[in-house]
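Notes to accompany the following structure.
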Amino acid sequence: MTKITLMTNQNLLRLWKFFKWVDNARWNGEHKERGIEELLKYTNKMWEKYKNEEIDDFESKHLVLSHWLMYIFDYQMPVERVWEKCFPIMTRIVKEFQEGLSADEVIKKYYNDEEGHFSIEKNVDNKDKFKHRFMKAKNHRLVEKVERTLKILEKSFNKDLIEFMLTVTSYGNEENWVRKVATGLYLLTYDNEYSDVDEIIDVLNNEEKFERYFSRKKNNLWHKRLWSALRDYLKGFIYESYILSSLENYKHHSSKVLSRWRNANKYLNQLEVPGDVWNEKFYERVMKPIIEKLDKKYSKYPPKGIREIYKDYNKIFKQHKFYPEQFDVTFDFARIFCDKNLCYICPLHNNKNILKLCISDIVSESDKYCPILAMLGYLQKCSPDNCPIYRGESLNLCMSEKLAAY
């Protein structure tokens, strides 16, 4: 191995180690439960406004399915608007669906086909109606995706997305069960090659047919919203509070299936990066110069390229508990640092400003939040022993020319 390649390998390890640290803060910091809490407050605020009632008895199965349906709409629009306007409606649709109404009934009740919007009743303010820019576009079929999902769950899986995922988990060995759940979710909602609900159910319920379907799809499944949602079911607050805590209700599934979900951390290396424009910007600016010096060429598409790198360096990455999806923190990192050209305070540059932001030398033990992580919206207490910035391990990993402007 040449000196250049050895140094490149070390840089790749340092970069991945840094993002493992950032990813841990993203999913385990003190802020982690606030997103869902705020959405539930917004839900009750809207229902009190129009129905003079609160909904305070959501079950795990209600919120997990609501979350999945939300991701159908979470693209090509401001994310805050999508979740604030649509989440209160989707939670009500799911709750009434799972407590008795049919898929057809809840869609008819909450979707105005003429105007192309969802709302909780006919006379709501315009600001509380949710209309996606692609709601009625034939090539997007957003409402059809909701209907299809609900009808399949209604006919075969007790109207329950958790039940659905546990069923697919039972197919095959542990080495690819997460990818099989991803493939099942894709068929449930997104695969335009299938339109007949009964045909889809037949594939999902027949292990042999599903395995054939999986073999066709497994190497070309890069659906952003699918991986974003599934990632939430395997790590972080939704996993801990709504999946893990509800598994006692699914004891009719085998101990093997339940064990996989109870020990999800073992299988996170099967997750893919949910590719986004921000991931691409970071990949182009920081990752590309590093990997171009390696011995092999990798895909220019970030999720695929990162997976290929992971396969080549699998042994050493596993030792460090690295996995591809950890790089999804570049979604926040690139928006804050790269897109705003904040190279002069970026922890990946070789500059002294970042050290002035570091409080490790002055903070008393565990009583202050890390200011660098707080810039990304992650609240984690300062811990010098575990900090790659304090130890200087992240410096000099990005040599962007933008730095010259400062």
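Residues in the structure tokens are named by chain (A, B, ... in the order shown) and by number from 1 within that chain; ligands are numbered from 1 in the order shown.
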
Filtered DSSP result for segment 40-278 of chain A, state strand (DSSP E or B), as a PyMOL selection string = chain A and resi 111-112+117-118+130

Keeping only C-alpha atoms, write those residues as a short mmCIF file (atom, residue, chain, number, x, y, z; two decimals), in the first residue's frame.
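Listing of again17.cif after writing:
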data_model
loop_
_atom_site.label_atom_id
_atom_site.label_comp_id
_atom_site.auth_asym_id
_atom_site.auth_seq_id
_atom_site.Cartn_x
_atom_site.Cartn_y
_atom_site.Cartn_z
CA TYR A 111 -59.78 14.22 1.39
CA ASN A 112 -61.51 16.76 -0.87
CA HIS A 117 -56.53 18.84 -0.30
CA PHE A 118 -56.74 17.05 3.04
CA PHE A 130 -53.00 20.57 3.36
#

Write out as a ChimeraX atom specification which residues come within 10 Å of segment 223-239 of chain A when counting only C-alpha atoms, dropping same-chain ones fewer than 3 positions away.
-> /A:24,26-29,31-36,60,63-64,67-75,162,165,178-179,181-183,185-186,189-190,220,242-246,261-265,267-268,271-276,303,325,328

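Our summary of the geometry notes that atom CA of Glu308 of chain A is positioned 11.1 Å from atom CA of Ile291 of chain A.
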
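Comparing the minimum interatomic distances between Leu204 of chain A and each of A:Ile152, A:Glu175, A:Asp160, A:Lys108, counting only C-alpha atoms, we find that A:Ile152 sits nearest.
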
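Counting only C-alpha atoms, the residue from A:Asp57, A:Val286, A:Tyr378, A:Arg216 that sits nearest to Asn396 of chain A is A:Val286.
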
Assign secondary structure with DSSP using the backbone only, and return the residues of segment 208-265 of chain A in alpha helix (DSSP H) as a VMD selection string.
-> chain A and resid 208 to 217 224 to 234 236 to 238 255 to 262

Between A:Val363, A:Asp332, A:Lys352, A:Gly377, which is the closest to Leu395 of chain A once you count only C-alpha atoms?
-> A:Lys352

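Rounded to one decimal, atom CA of His62 of chain A and atom CA of Val94 of chain A lie 5.9 Å from each other.
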
Residues near Lys129 of chain A, anyone? I mean within 9 Å using only C-alpha atoms, not counting same-chain ones fewer than 4 positions away, as an mmCIF file with C-alpha atoms, in the first residue's frame.
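Output (out_37.cif):
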data_model
loop_
_atom_site.group_PDB
_atom_site.id
_atom_site.type_symbol
_atom_site.label_atom_id
_atom_site.label_comp_id
_atom_site.auth_asym_id
_atom_site.auth_seq_id
_atom_site.Cartn_x
_atom_site.Cartn_y
_atom_site.Cartn_z
ATOM 1 C CA LYS A 85 -50.222 20.912 8.268
ATOM 2 C CA CYS A 86 -50.500 17.259 7.334
ATOM 3 C CA HIS A 117 -56.529 18.835 -0.295
ATOM 4 C CA PHE A 118 -56.740 17.054 3.044
ATOM 5 C CA SER A 119 -58.521 18.770 5.935
ATOM 6 C CA ILE A 120 -60.228 17.782 9.177
ATOM 7 C CA VAL A 124 -61.421 24.851 8.109
ATOM 8 C CA ASP A 125 -59.284 27.912 7.441
#

Within 12 Å of Tyr298 of chain A, counting only C-alpha atoms, which residues show up once you throw out same-chain ones fewer than 6 positions away? Write them as a VMD selection string, please.
-> chain A and resid 283 287 to 288 290 to 292 304 to 312

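Relative to atom CA of Glu38 of chain A, atom CA of Asp367 of chain A is found at 25.3 Å.
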
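Minimum atom-to-atom distances from A:Leu161, A:Lys20, A:Leu13, A:Tyr250 to Phe327 of chain A were compared using only C-alpha atoms, and the lowest value belongs to A:Lys20.
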
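The smallest atom-to-atom distance between Lys381 of chain A and any of A:Met46, A:Ala25, A:Leu357, A:Ile362, using only C-alpha atoms, is found for A:Ala25.
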
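Counting only C-alpha atoms, the residue from A:Lys251, A:Lys296, A:Lys61, A:Lys218 that sits nearest to Glu99 of chain A is A:Lys61.
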
Excluding Met77 of chain A and residues on its chain fewer than 6 positions from it, collect all residues at most 10 Å away from it, counting only C-alpha atoms, and give them as a ChimeraX atom specification.
-> /A:132-134
